[in-house]
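Undergrad: Please find my_file32.cif (mmCIF, C-alpha atoms) on the next line:
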```
data_protein
loop_
_atom_site.label_atom_id
_atom_site.label_comp_id
_atom_site.auth_asym_id
_atom_site.auth_seq_id
_atom_site.Cartn_x
_atom_site.Cartn_y
_atom_site.Cartn_z
CA MET G 1122 41.90 10.90 -59.17
CA VAL G 1123 42.84 7.56 -60.65
CA GLY G 1124 45.89 7.63 -62.93
CA VAL G 1125 45.85 7.60 -66.73
CA ASN G 1126 46.26 3.84 -67.03
CA ASP G 1127 43.44 3.25 -64.55
CA ILE G 1128 41.16 5.59 -66.49
CA ARG G 1129 41.86 3.57 -69.59
CA ASP G 1130 40.82 0.48 -67.64
CA ILE G 1131 37.63 2.20 -66.46
CA ASN G 1132 36.79 2.96 -70.10
CA GLN G 1133 37.45 -0.69 -70.88
CA THR G 1134 35.02 -1.66 -68.13
CA ILE G 1135 32.37 0.64 -69.57
CA PHE G 1136 32.97 -0.78 -73.05
CA LEU G 1137 32.68 -4.32 -71.79
CA HIS G 1138 29.42 -3.41 -70.06
CA LEU G 1139 28.02 -2.03 -73.31
CA ILE G 1140 29.18 -5.02 -75.36
CA ARG G 1141 27.87 -7.47 -72.76
CA GLU G 1142 24.44 -5.85 -72.64
CA GLN G 1143 24.00 -5.05 -76.33
CA GLN G 1144 26.05 -7.65 -78.20
CA PRO G 1145 26.34 -7.70 -81.11
CA ILE G 1146 27.40 -4.03 -81.15
CA SER G 1147 29.68 -2.01 -83.43
CA ARG G 1148 32.45 0.42 -82.62
CA ALA G 1149 30.32 3.25 -83.99
CA ASP G 1150 27.52 2.40 -81.56
CA ILE G 1151 29.98 2.43 -78.65
CA ALA G 1152 31.33 5.84 -79.72
CA LYS G 1153 27.80 7.21 -79.95
CA GLN G 1154 26.78 5.99 -76.49
CA THR G 1155 29.96 6.97 -74.66
CA GLY G 1156 30.68 10.24 -76.45
CA LEU G 1157 34.31 9.19 -77.04
CA ARG G 1158 36.14 9.78 -80.30
CA ALA G 1159 36.23 7.00 -82.88
CA GLY G 1160 40.02 6.68 -82.58
CA THR G 1161 39.84 6.26 -78.81
CA VAL G 1162 37.10 3.67 -79.17
CA SER G 1163 39.09 1.66 -81.73
CA ALA G 1164 42.24 1.75 -79.59
CA ILE G 1165 40.41 0.38 -76.55
CA VAL G 1166 38.48 -2.21 -78.55
CA ASN G 1167 41.69 -3.41 -80.19
CA ARG G 1168 43.27 -3.91 -76.75
CA LEU G 1169 40.25 -5.94 -75.65
CA ILE G 1170 40.43 -8.09 -78.78
CA LYS G 1171 44.19 -8.59 -78.39
CA GLY G 1172 43.65 -9.66 -74.79
CA GLY G 1173 41.08 -12.25 -75.84
CA LEU G 1174 38.29 -10.53 -73.91
CA VAL G 1175 36.25 -9.59 -76.99
CA HIS G 1176 35.97 -11.07 -80.47
CA GLU G 1177 34.65 -9.77 -83.76
CA GLY G 1178 31.84 -11.61 -85.45
CA THR G 1179 29.66 -10.99 -88.46
CA GLU G 1180 29.63 -7.79 -90.48
CA GLY G 1181 26.75 -5.36 -90.17
CA PRO G 1182 25.04 -3.47 -92.99
CA SER G 1183 27.13 -0.82 -94.72
CA THR G 1184 26.09 2.83 -94.60
CA GLY G 1185 28.31 3.74 -97.52
CA GLY G 1186 31.76 2.78 -96.24
CA ARG G 1187 33.34 -0.39 -94.91
CA PRO G 1188 30.72 -2.63 -93.22
CA PRO G 1189 31.10 -2.58 -89.41
CA LYS G 1190 32.14 -5.75 -87.61
CA TYR G 1191 30.05 -6.64 -84.62
CA LEU G 1192 31.67 -7.22 -81.24
CA TYR G 1193 30.96 -10.00 -78.75
CA ILE G 1194 32.18 -10.86 -75.25
CA ASN G 1195 34.30 -13.98 -74.71
CA ALA G 1196 32.29 -14.97 -71.65
CA GLU G 1197 34.55 -17.86 -70.66
CA SER G 1198 37.80 -15.86 -70.86
CA PHE G 1199 38.32 -16.36 -67.15
CA TYR G 1200 36.58 -16.20 -63.80
CA VAL G 1201 37.13 -13.86 -60.87
CA LEU G 1202 36.33 -13.99 -57.19
CA ALA G 1203 34.50 -11.14 -55.45
CA ILE G 1204 34.59 -10.74 -51.66
CA ASP G 1205 32.48 -8.25 -49.76
CA ILE G 1206 33.51 -8.01 -46.11
CA GLY G 1207 30.63 -6.59 -44.09
CA VAL G 1208 30.15 -5.89 -40.43
CA ILE G 1209 27.51 -8.62 -39.95
CA ASP G 1210 28.35 -11.04 -42.74
CA THR G 1211 30.85 -11.55 -45.53
CA VAL G 1212 29.84 -12.74 -48.97
CA PHE G 1213 32.11 -14.25 -51.59
CA ALA G 1214 31.05 -14.97 -55.15
CA VAL G 1215 32.37 -16.52 -58.35
CA SER G 1216 31.74 -14.51 -61.50
CA ASP G 1217 32.36 -15.29 -65.14
CA PHE G 1218 33.78 -12.66 -67.46
CA ASN G 1219 30.27 -11.50 -68.33
CA GLY G 1220 29.98 -10.29 -64.73
CA ARG G 1221 27.35 -12.93 -64.06
CA ILE G 1222 27.53 -14.36 -60.55
CA LEU G 1223 27.56 -18.13 -60.78
CA LYS G 1224 27.74 -18.98 -57.09
CA ARG G 1225 27.77 -17.00 -53.88
CA LYS G 1226 28.08 -17.88 -50.23
CA SER G 1227 27.74 -15.94 -46.99
CA ILE G 1228 29.52 -16.49 -43.69
CA PRO G 1229 29.37 -14.49 -40.43
CA THR G 1230 32.07 -11.86 -39.97
CA ALA G 1231 33.24 -12.95 -36.55
CA GLY G 1232 36.45 -13.36 -34.56
CA LYS G 1233 39.85 -11.76 -34.77
CA PRO G 1234 40.50 -10.46 -38.30
CA GLU G 1235 43.46 -12.74 -39.10
CA LYS G 1236 41.61 -15.84 -37.92
CA PHE G 1237 38.47 -14.78 -39.73
CA LEU G 1238 40.34 -14.24 -43.01
CA ASP G 1239 41.99 -17.63 -42.60
CA ARG G 1240 38.56 -19.23 -42.17
CA LEU G 1241 37.25 -17.30 -45.17
CA CYS G 1242 40.13 -18.62 -47.31
CA SER G 1243 39.35 -22.17 -46.22
CA GLU G 1244 35.70 -21.72 -47.23
CA ILE G 1245 36.74 -20.35 -50.62
CA GLU G 1246 39.24 -23.14 -51.23
CA ARG G 1247 36.64 -25.81 -50.44
CA HIS G 1248 34.09 -24.10 -52.66
CA ILE G 1249 36.43 -23.82 -55.63
CA ALA G 1250 37.73 -27.38 -55.25
CA ALA G 1251 34.19 -28.72 -55.23
CA ASN G 1252 32.76 -26.61 -58.05
CA TYR G 1253 35.53 -25.02 -60.14
CA ALA G 1254 38.53 -27.33 -59.97
CA LYS G 1255 39.35 -26.83 -63.67
CA ALA G 1256 38.27 -23.21 -63.98
CA ARG G 1257 40.68 -20.37 -64.77
CA PHE G 1258 40.77 -17.50 -62.27
CA ALA G 1259 42.48 -14.17 -62.91
CA GLY G 1260 42.12 -12.34 -59.60
CA ILE G 1261 40.14 -11.37 -56.55
CA GLY G 1262 38.32 -8.11 -55.88
CA VAL G 1263 37.75 -7.31 -52.20
CA SER G 1264 35.38 -4.71 -50.81
CA VAL G 1265 35.84 -3.56 -47.20
CA PRO G 1266 34.42 -0.75 -45.06
CA GLY G 1267 37.01 1.65 -43.75
CA LEU G 1268 40.21 3.40 -44.69
CA ILE G 1269 42.67 1.37 -46.75
CA ASP G 1270 46.26 1.72 -47.87
CA ARG G 1271 45.76 1.19 -51.58
CA GLU G 1272 49.42 0.36 -52.28
CA THR G 1273 49.60 -2.49 -49.77
CA GLY G 1274 45.94 -3.55 -49.61
CA THR G 1275 45.94 -3.05 -45.84
CA ILE G 1276 42.91 -1.93 -43.86
CA GLU G 1277 44.41 0.90 -41.84
CA ILE G 1278 41.28 1.36 -39.75
CA SER G 1279 37.68 0.24 -39.96
CA PRO G 1280 35.69 1.65 -37.04
CA ASN G 1281 32.61 -0.46 -37.74
CA LEU G 1282 34.57 -3.69 -38.19
CA GLU G 1283 36.88 -2.69 -35.33
CA TRP G 1284 39.86 -3.71 -37.46
CA LYS G 1285 43.17 -1.88 -37.52
CA ASN G 1286 46.27 -2.46 -39.66
CA VAL G 1287 45.03 -5.73 -41.16
CA PRO G 1288 47.05 -6.82 -44.25
CA VAL G 1289 44.07 -8.17 -46.19
CA ARG G 1290 45.86 -8.41 -49.54
CA ASP G 1291 48.86 -10.27 -48.15
CA ILE G 1292 46.75 -12.76 -46.22
CA LEU G 1293 44.40 -13.56 -49.11
CA SER G 1294 47.01 -13.63 -51.87
CA LYS G 1295 49.31 -15.90 -49.86
CA ARG G 1296 46.54 -18.44 -49.22
CA LEU G 1297 44.65 -18.24 -52.52
CA ARG G 1298 47.65 -17.59 -54.80
CA LEU G 1299 45.87 -15.01 -56.93
CA PRO G 1300 46.27 -11.24 -57.42
CA VAL G 1301 44.14 -9.42 -54.84
CA PHE G 1302 42.75 -5.90 -55.26
CA VAL G 1303 41.30 -4.24 -52.15
CA GLU G 1304 38.91 -1.29 -52.31
CA ASN G 1305 36.70 0.67 -49.94
CA ASP G 1306 33.09 -0.61 -49.99
CA ALA G 1307 31.54 2.69 -51.12
CA ASN G 1308 34.04 2.99 -53.97
CA SER G 1309 33.25 -0.59 -54.93
CA ALA G 1310 29.56 0.27 -54.89
CA ALA G 1311 30.16 3.25 -57.17
CA PHE G 1312 32.19 1.04 -59.48
CA SER G 1313 29.30 -1.43 -59.72
CA GLU G 1314 27.39 1.18 -61.70
CA PHE G 1315 30.07 1.06 -64.44
CA TRP G 1316 29.28 -2.61 -65.00
CA TYR G 1317 25.65 -3.07 -63.94
CA GLY G 1318 24.15 0.42 -64.28
CA PRO G 1319 21.60 1.54 -66.86
CA ILE G 1320 22.93 1.52 -70.40
CA ASN G 1321 21.50 5.00 -70.98
CA GLU G 1322 23.89 6.28 -68.30
CA ALA G 1323 27.01 4.97 -70.04
CA GLY G 1324 28.01 8.54 -70.80
CA VAL G 1325 27.54 9.82 -67.23
CA LYS G 1326 30.72 11.55 -66.07
CA ASN G 1327 29.78 12.64 -62.55
CA LEU G 1328 28.06 10.34 -60.09
CA VAL G 1329 27.73 10.20 -56.30
CA PHE G 1330 27.06 6.84 -54.65
CA VAL G 1331 25.71 6.82 -51.09
CA LEU G 1332 26.07 3.38 -49.52
CA VAL G 1333 23.80 2.87 -46.52
CA VAL G 1334 24.84 -0.19 -44.54
CA GLU G 1335 25.88 -0.66 -40.90
CA GLY G 1336 27.75 2.59 -41.49
CA LEU G 1337 27.44 5.10 -44.31
CA GLY G 1338 29.95 5.65 -47.10
CA THR G 1339 30.21 7.62 -50.31
CA GLY G 1340 31.84 6.84 -53.63
CA LEU G 1341 32.51 9.55 -56.21
CA ILE G 1342 32.92 9.43 -59.97
CA ILE G 1343 34.14 12.81 -61.17
CA ASN G 1344 34.78 13.61 -64.83
CA GLY G 1345 34.52 9.93 -65.64
CA GLU G 1346 37.10 8.92 -63.03
CA LEU G 1347 36.66 6.98 -59.82
CA HIS G 1348 37.91 9.43 -57.20
CA VAL G 1349 39.89 7.51 -54.60
CA GLY G 1350 41.87 10.23 -52.86
CA SER G 1351 45.50 9.63 -51.93
CA ARG G 1352 47.41 6.42 -51.32
CA HIS G 1353 45.51 6.08 -48.08
CA GLY G 1354 42.17 6.00 -49.81
CA LEU G 1355 39.10 8.06 -49.33
CA GLY G 1356 37.48 8.47 -45.97
CA GLY G 1357 34.18 9.40 -47.59
CA PHE G 1358 31.54 11.82 -46.41
CA GLY G 1359 29.83 9.45 -43.98
CA HIS G 1360 32.03 10.93 -41.26
CA MET G 1361 31.38 14.57 -42.01
CA SER G 1362 29.81 16.10 -38.93
CA ILE G 1363 26.36 17.58 -39.38
CA ASP G 1364 25.83 18.16 -35.65
CA PRO G 1365 28.91 18.82 -33.48
CA ASN G 1366 26.79 18.16 -30.38
CA GLY G 1367 25.36 14.94 -31.76
CA GLU G 1368 25.86 11.31 -30.86
CA LEU G 1369 29.38 9.89 -30.54
CA CYS G 1370 30.33 8.08 -33.74
CA SER G 1371 32.41 4.91 -34.01
CA CYS G 1372 35.17 7.06 -35.56
CA GLY G 1373 35.46 9.09 -32.34
CA ARG G 1374 33.81 12.28 -33.64
CA ARG G 1375 30.33 13.54 -32.82
CA GLY G 1376 27.31 14.02 -35.03
CA CYS G 1377 28.65 12.30 -38.16
CA TRP G 1378 26.20 11.83 -41.02
CA GLU G 1379 26.50 8.09 -40.37
CA THR G 1380 25.04 8.46 -36.86
CA PHE G 1381 21.82 9.83 -38.39
CA ALA G 1382 21.35 7.94 -41.65
CA SER G 1383 22.95 4.47 -41.43
CA GLU G 1384 21.14 1.16 -40.94
CA ARG G 1385 22.23 1.11 -37.32
CA ALA G 1386 20.88 4.61 -36.73
CA THR G 1387 17.56 3.74 -38.37
CA ILE G 1388 17.05 0.61 -36.28
CA GLU G 1389 17.99 2.37 -33.06
CA ARG G 1390 15.59 5.20 -33.95
CA TYR G 1391 12.74 2.72 -34.40
CA HIS G 1392 13.36 1.24 -30.97
CA ARG G 1393 13.49 4.67 -29.35
CA VAL G 1394 10.28 5.78 -31.05
CA THR G 1395 8.35 2.64 -30.14
CA ALA G 1396 10.03 1.97 -26.78
CA LYS G 1397 9.87 -1.61 -28.03
CA GLN G 1398 10.91 -4.22 -25.48
CA GLY G 1399 12.68 -7.49 -26.21
CA PRO G 1400 15.54 -8.37 -28.55
CA PRO G 1401 16.52 -5.78 -31.15
CA LEU G 1402 15.89 -6.25 -34.87
CA VAL G 1403 18.83 -8.03 -36.41
CA THR G 1404 18.79 -6.20 -39.75
CA ILE G 1405 16.96 -3.38 -41.42
CA HIS G 1406 15.15 -6.00 -43.52
CA ASP G 1407 12.68 -6.54 -40.66
CA LEU G 1408 12.03 -2.82 -40.27
CA VAL G 1409 11.48 -2.31 -44.00
CA ALA G 1410 9.08 -5.26 -44.07
CA LEU G 1411 7.06 -3.69 -41.24
CA ALA G 1412 7.00 -0.34 -43.04
CA ASN G 1413 5.87 -1.89 -46.30
CA GLU G 1414 3.08 -3.63 -44.37
CA GLY G 1415 1.90 -0.25 -43.10
CA ASP G 1416 3.45 -0.05 -39.62
CA ALA G 1417 3.30 3.66 -38.80
CA MET G 1418 6.32 3.75 -36.50
CA ALA G 1419 8.50 1.85 -38.95
CA ARG G 1420 7.48 4.20 -41.76
CA GLU G 1421 8.20 7.23 -39.58
CA SER G 1422 11.65 5.91 -38.65
CA LEU G 1423 12.50 5.40 -42.32
CA LYS G 1424 11.19 8.84 -43.26
CA ILE G 1425 13.38 10.49 -40.63
CA THR G 1426 16.39 8.60 -42.01
CA ALA G 1427 15.39 9.74 -45.49
CA GLU G 1428 15.38 13.36 -44.28
CA TYR G 1429 18.93 12.99 -43.03
CA LEU G 1430 19.97 11.27 -46.24
CA GLY G 1431 18.44 14.13 -48.21
CA GLU G 1432 20.22 16.69 -46.04
CA GLY G 1433 23.62 15.13 -46.66
CA ILE G 1434 22.96 14.52 -50.34
CA SER G 1435 21.90 18.14 -50.81
CA ASN G 1436 25.32 19.24 -49.52
CA LEU G 1437 27.11 16.90 -51.91
CA VAL G 1438 24.92 17.85 -54.86
CA HIS G 1439 25.41 21.53 -54.13
CA GLY G 1440 29.18 21.12 -54.17
CA ILE G 1441 29.61 18.60 -56.99
CA PHE G 1442 26.40 18.90 -59.05
CA PRO G 1443 26.59 15.34 -60.38
CA GLU G 1444 24.38 14.01 -63.13
CA THR G 1445 23.32 11.07 -60.96
CA VAL G 1446 23.07 10.24 -57.26
CA VAL G 1447 22.72 6.54 -56.46
CA ILE G 1448 21.66 5.20 -53.08
CA GLY G 1449 22.50 1.61 -52.21
CA GLY G 1450 21.80 -0.72 -49.32
CA ARG G 1451 18.86 -2.65 -47.96
CA ILE G 1452 17.03 0.55 -47.10
CA THR G 1453 16.25 0.96 -50.81
CA ALA G 1454 13.70 -1.85 -50.47
CA ALA G 1455 11.58 0.97 -48.99
CA TRP G 1456 12.21 3.25 -51.98
CA PRO G 1457 8.54 4.30 -52.43
CA ILE G 1458 8.63 5.52 -48.82
CA ILE G 1459 11.99 7.27 -48.76
CA GLU G 1460 12.30 8.65 -52.30
CA PRO G 1461 9.74 11.51 -51.96
CA VAL G 1462 11.32 12.62 -48.67
CA ILE G 1463 14.84 12.63 -50.13
CA LEU G 1464 13.77 14.53 -53.25
CA GLU G 1465 11.89 17.13 -51.25
CA LYS G 1466 14.84 17.70 -48.91
CA VAL G 1467 17.30 18.07 -51.80
CA ARG G 1468 15.04 20.45 -53.72
CA SER G 1469 14.30 22.60 -50.67
CA ARG G 1470 18.01 23.18 -49.97
CA TYR G 1471 19.08 24.41 -53.38
CA LEU G 1472 19.82 27.83 -54.86
CA VAL G 1473 19.52 26.53 -58.41
CA SER G 1474 16.99 23.82 -59.25
CA PRO G 1475 18.59 20.36 -58.93
CA ASP G 1476 15.95 18.82 -61.22
CA PRO G 1477 18.59 17.77 -63.82
CA VAL G 1478 20.12 15.51 -61.14
CA THR G 1479 18.82 11.94 -61.21
CA ILE G 1480 18.40 10.35 -57.78
CA ARG G 1481 17.77 6.62 -57.93
CA PRO G 1482 18.39 3.33 -56.10
CA ALA G 1483 21.37 1.12 -56.91
CA SER G 1484 21.24 -1.18 -59.91
CA VAL G 1485 22.07 -4.28 -57.82
CA GLU G 1486 21.01 -5.48 -54.38
CA ARG G 1487 24.49 -5.69 -52.78
CA PRO G 1488 26.47 -3.11 -54.74
CA SER G 1489 29.73 -3.45 -52.80
CA LEU G 1490 29.85 -7.16 -53.69
CA TYR G 1491 28.96 -6.58 -57.34
CA GLY G 1492 31.47 -3.73 -57.53
CA ALA G 1493 34.28 -6.06 -56.47
CA ILE G 1494 33.76 -7.98 -59.73
CA PRO G 1495 34.71 -5.18 -62.18
CA ILE G 1496 37.44 -4.05 -59.78
CA ALA G 1497 39.03 -7.47 -60.14
CA LEU G 1498 38.42 -7.47 -63.89
CA GLN G 1499 39.76 -4.00 -64.62
CA ASN G 1500 42.84 -4.58 -62.49
CA CYS G 1501 43.53 -7.79 -64.38
CA PHE G 1502 43.24 -6.24 -67.85
CA GLY G 1503 46.94 -5.47 -67.97
CA SER G 1504 48.11 -8.71 -66.41
CA THR G 1505 47.80 -12.38 -67.24
CA LEU G 1506 44.21 -12.93 -68.27
CA ALA G 1507 43.83 -16.52 -67.22
CA ILE G 1508 45.47 -18.47 -64.44
CA ASP G 1509 45.01 -22.25 -64.46
CA GLN G 1510 43.38 -23.39 -61.28
CA GLY G 1511 45.69 -26.40 -61.38
CA SER G 1512 48.70 -24.12 -60.84
CA ARG G 1513 47.31 -22.76 -57.59
#
```
For this file, write the structure as structure tokens.
TA:
Amino acid sequence: MVGVNDIRDINQTIFLHLIREQQPISRADIAKQTGLRAGTVSAIVNRLIKGGLVHEGTEGPSTGGRPPKYLYINAESFYVLAIDIGVIDTVFAVSDFNGRILKRKSIPTAGKPEKFLDRLCSEIERHIAANYAKARFAGIGVSVPGLIDRETGTIEISPNLEWKNVPVRDILSKRLRLPVFVENDANSAAFSEFWYGPINEAGVKNLVFVLVVEGLGTGLIINGELHVGSRHGLGGFGHMSIDPNGELCSCGRRGCWETFASERATIERYHRVTAKQGPPLVTIHDLVALANEGDAMARESLKITAEYLGEGISNLVHGIFPETVVIGGRITAAWPIIEPVILEKVRSRYLVSPDPVTIRPASVERPSLYGAIPIALQNCFGSTLAIDQGSR
């Protein structure tokens, strides 16, 4: 689990999400929605006020005691950069302190990793110089697929990217002169729900995030903590084998969940089913569009993927029994098609009814990118809150 100080920061992130969405809001309202004690709430709010992230405004009506003071976000406290390194493309975005993306840009993920990261830095530098020359930036959150060394910010191995021992933090921080915080993409996706998830789930303590992209990853929130494993990160459940005689996975094992339920697996399945000739579909977007237009083979391919997703999720739900399971990725654009299949598979594999478990799509369209925003924010809470761009 994350350490005590990190948990405090996660609570701060949740608080900031509540204040951002419901401002003006009182401490009592925050305590009611999070289930935390009044003293804990006041301690965290006071830290946020002291750091200049939140300010108190007008007083609310009294209920017999001292009138509550309403809280507001200081939206212009500072900006952060979010970078989501994907197998096909990499997106970087500028966010204000409200978590609102102001600008975003995509570039192909191509070439040797060091050269690619150098090119990415050049793109970011040009973008900031042209649009945010006087802005204050506090840090950079980076989301990457694969196994990372959390202490050094190094990608130890990313089978889908085909990267190994790439010092992402060192490369980016040296060029961009900002603190850099690197996280696995599925963990980033899970973290996005702290900041962008439904307000009525602010008190959720156990959540499983299943990120369906080129590969398949899982992020876990257990007892209100982002579970990240050891120093070397969390491999996730995408590489748990569900068929030892199955297809060879990019990780070197056979029959991993990823080989059945990822975007790549879904697209390859569609081509096998249809025996379609010609160039392959570039992304799952095309396949989902066909399915939503009524193409029978596309719908069948997605339903088979949904069955495998449901099979894996049922195992996780059975072991963890979370309050919420969130599925993210472009496949969720076909949610009306895949949801019934997933629910049926989960319910048919359970000893005790899993009805209390909510299964829903992600709150944002690229959760690993959006998750990099609060990762940068929460890691910067204890450090300098604003860094003049002119000092870069």
Undergrad: Can you tell me which residues surround Lys1224 (chain G) at a distance of at most 9 Å, considering all atoms listed in the file, apart from same-chain residues fewer than 5 positions away, and format the answer as a PyMOL selection string?
TA: chain G and resi 1213-1216
Undergrad: For the residues in the current selection, export C-alpha atoms as a tab-separated table (two decimals), keeping the file's coordinate frame.
TA:
```tsv
chain	number	residue	atom	x	y	z
G	1213	PHE	CA	32.11	-14.25	-51.59
G	1214	ALA	CA	31.05	-14.97	-55.15
G	1215	VAL	CA	32.37	-16.52	-58.35
G	1216	SER	CA	31.74	-14.51	-61.50
```
Undergrad: Run through the PyMOL selection byres ((chain G and resi 1491) around 12) on the given coordinates and return the selected residues as an mmCIF file with C-alpha atoms, in the frame of the given file.
TA:
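Full text of out19.cif as output:
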```cif
data_model
loop_
_atom_site.group_PDB
_atom_site.id
_atom_site.type_symbol
_atom_site.label_atom_id
_atom_site.label_comp_id
_atom_site.auth_asym_id
_atom_site.auth_seq_id
_atom_site.Cartn_x
_atom_site.Cartn_y
_atom_site.Cartn_z
ATOM 1 C CA VAL G 1201 37.130 -13.860 -60.870
ATOM 2 C CA LEU G 1202 36.330 -13.990 -57.190
ATOM 3 C CA ALA G 1203 34.500 -11.140 -55.450
ATOM 4 C CA ILE G 1204 34.590 -10.740 -51.660
ATOM 5 C CA ASP G 1205 32.480 -8.250 -49.760
ATOM 6 C CA VAL G 1212 29.840 -12.740 -48.970
ATOM 7 C CA PHE G 1213 32.110 -14.250 -51.590
ATOM 8 C CA ALA G 1214 31.050 -14.970 -55.150
ATOM 9 C CA VAL G 1215 32.370 -16.520 -58.350
ATOM 10 C CA SER G 1216 31.740 -14.510 -61.500
ATOM 11 C CA GLY G 1220 29.980 -10.290 -64.730
ATOM 12 C CA ARG G 1221 27.350 -12.930 -64.060
ATOM 13 C CA ILE G 1222 27.530 -14.360 -60.550
ATOM 14 C CA ARG G 1225 27.770 -17.000 -53.880
ATOM 15 C CA GLY G 1262 38.320 -8.110 -55.880
ATOM 16 C CA VAL G 1263 37.750 -7.310 -52.200
ATOM 17 C CA SER G 1264 35.380 -4.710 -50.810
ATOM 18 C CA ASP G 1306 33.090 -0.610 -49.990
ATOM 19 C CA ALA G 1307 31.540 2.690 -51.120
ATOM 20 C CA ASN G 1308 34.040 2.990 -53.970
ATOM 21 C CA SER G 1309 33.250 -0.590 -54.930
ATOM 22 C CA ALA G 1310 29.560 0.270 -54.890
ATOM 23 C CA ALA G 1311 30.160 3.250 -57.170
ATOM 24 C CA PHE G 1312 32.190 1.040 -59.480
ATOM 25 C CA SER G 1313 29.300 -1.430 -59.720
ATOM 26 C CA GLU G 1314 27.390 1.180 -61.700
ATOM 27 C CA PHE G 1315 30.070 1.060 -64.440
ATOM 28 C CA TRP G 1316 29.280 -2.610 -65.000
ATOM 29 C CA TYR G 1317 25.650 -3.070 -63.940
ATOM 30 C CA GLY G 1318 24.150 0.420 -64.280
ATOM 31 C CA GLY G 1449 22.500 1.610 -52.210
ATOM 32 C CA ALA G 1483 21.370 1.120 -56.910
ATOM 33 C CA SER G 1484 21.240 -1.180 -59.910
ATOM 34 C CA VAL G 1485 22.070 -4.280 -57.820
ATOM 35 C CA GLU G 1486 21.010 -5.480 -54.380
ATOM 36 C CA ARG G 1487 24.490 -5.690 -52.780
ATOM 37 C CA PRO G 1488 26.470 -3.110 -54.740
ATOM 38 C CA SER G 1489 29.730 -3.450 -52.800
ATOM 39 C CA LEU G 1490 29.850 -7.160 -53.690
ATOM 40 C CA GLY G 1492 31.470 -3.730 -57.530
ATOM 41 C CA ALA G 1493 34.280 -6.060 -56.470
ATOM 42 C CA ILE G 1494 33.760 -7.980 -59.730
ATOM 43 C CA PRO G 1495 34.710 -5.180 -62.180
ATOM 44 C CA ILE G 1496 37.440 -4.050 -59.780
ATOM 45 C CA ALA G 1497 39.030 -7.470 -60.140
ATOM 46 C CA LEU G 1498 38.420 -7.470 -63.890
#
```
Undergrad: Counting all atoms listed in the file, which of G:Pro1234, G:Glu1322, G:Ala1412, G:Gly1433 gets nearest to Cys1377 (chain G)?
TA: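 Between G:Pro1234, G:Glu1322, G:Ala1412, G:Gly1433, the residue approaching Cys1377 (chain G) most closely is G:Gly1433.
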Undergrad: So, counting only C-alpha atoms, which residue among G:Lys1226, G:Lys1466, G:Arg1247, G:Arg1451 is closest to Val1333 (chain G)?
TA: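 Under the stated criterion, the closest residue is G:Arg1451.
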Undergrad: Around the point (19.6, 18.7, -51.9) in the file's coordinates, collect all residues with an atom within 8 Å, using only C-alpha atoms, and return them as an NGL selection string.
TA: :G and (1431-1439 or 1463-1471 or 1475)
Undergrad: Quote the spacing between CA of Gly1260 (chain G) and CA of Arg1298 (chain G) in Å to one decimal place.
TA: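 Value for the CA of Gly1260 (chain G)-CA of Arg1298 (chain G) distance: 9.0 Å.
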Undergrad: Go ahead and compute the interatomic distance for CA of Ala1250 (chain G) and CA of Phe1237 (chain G), in Å to one decimal.
TA: 20.0 Å
Undergrad: Using all atoms listed in the file, list the residues that have an atom at most 12 Å from (35.8, 6.5, -75.4), coordinates as in the file, as a count of residues only.
TA: 34
Undergrad: Please indicate the distance in Å from CA of Arg1290 (chain G) to CA of Thr1275 (chain G), rounded to one decimal place.
TA: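 Taking CA of Arg1290 (chain G) and CA of Thr1275 (chain G), their separation equals 6.5 Å.
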Undergrad: Excluding Arg1385 (chain G) and any residue of its chain fewer than 2 positions from it, enumerate the residues within 8 Å of it, using all atoms listed in the file, and give them as an MDAnalysis selection string.
TA: chainID G and resid 1334:1336 1380 1383 1387:1389
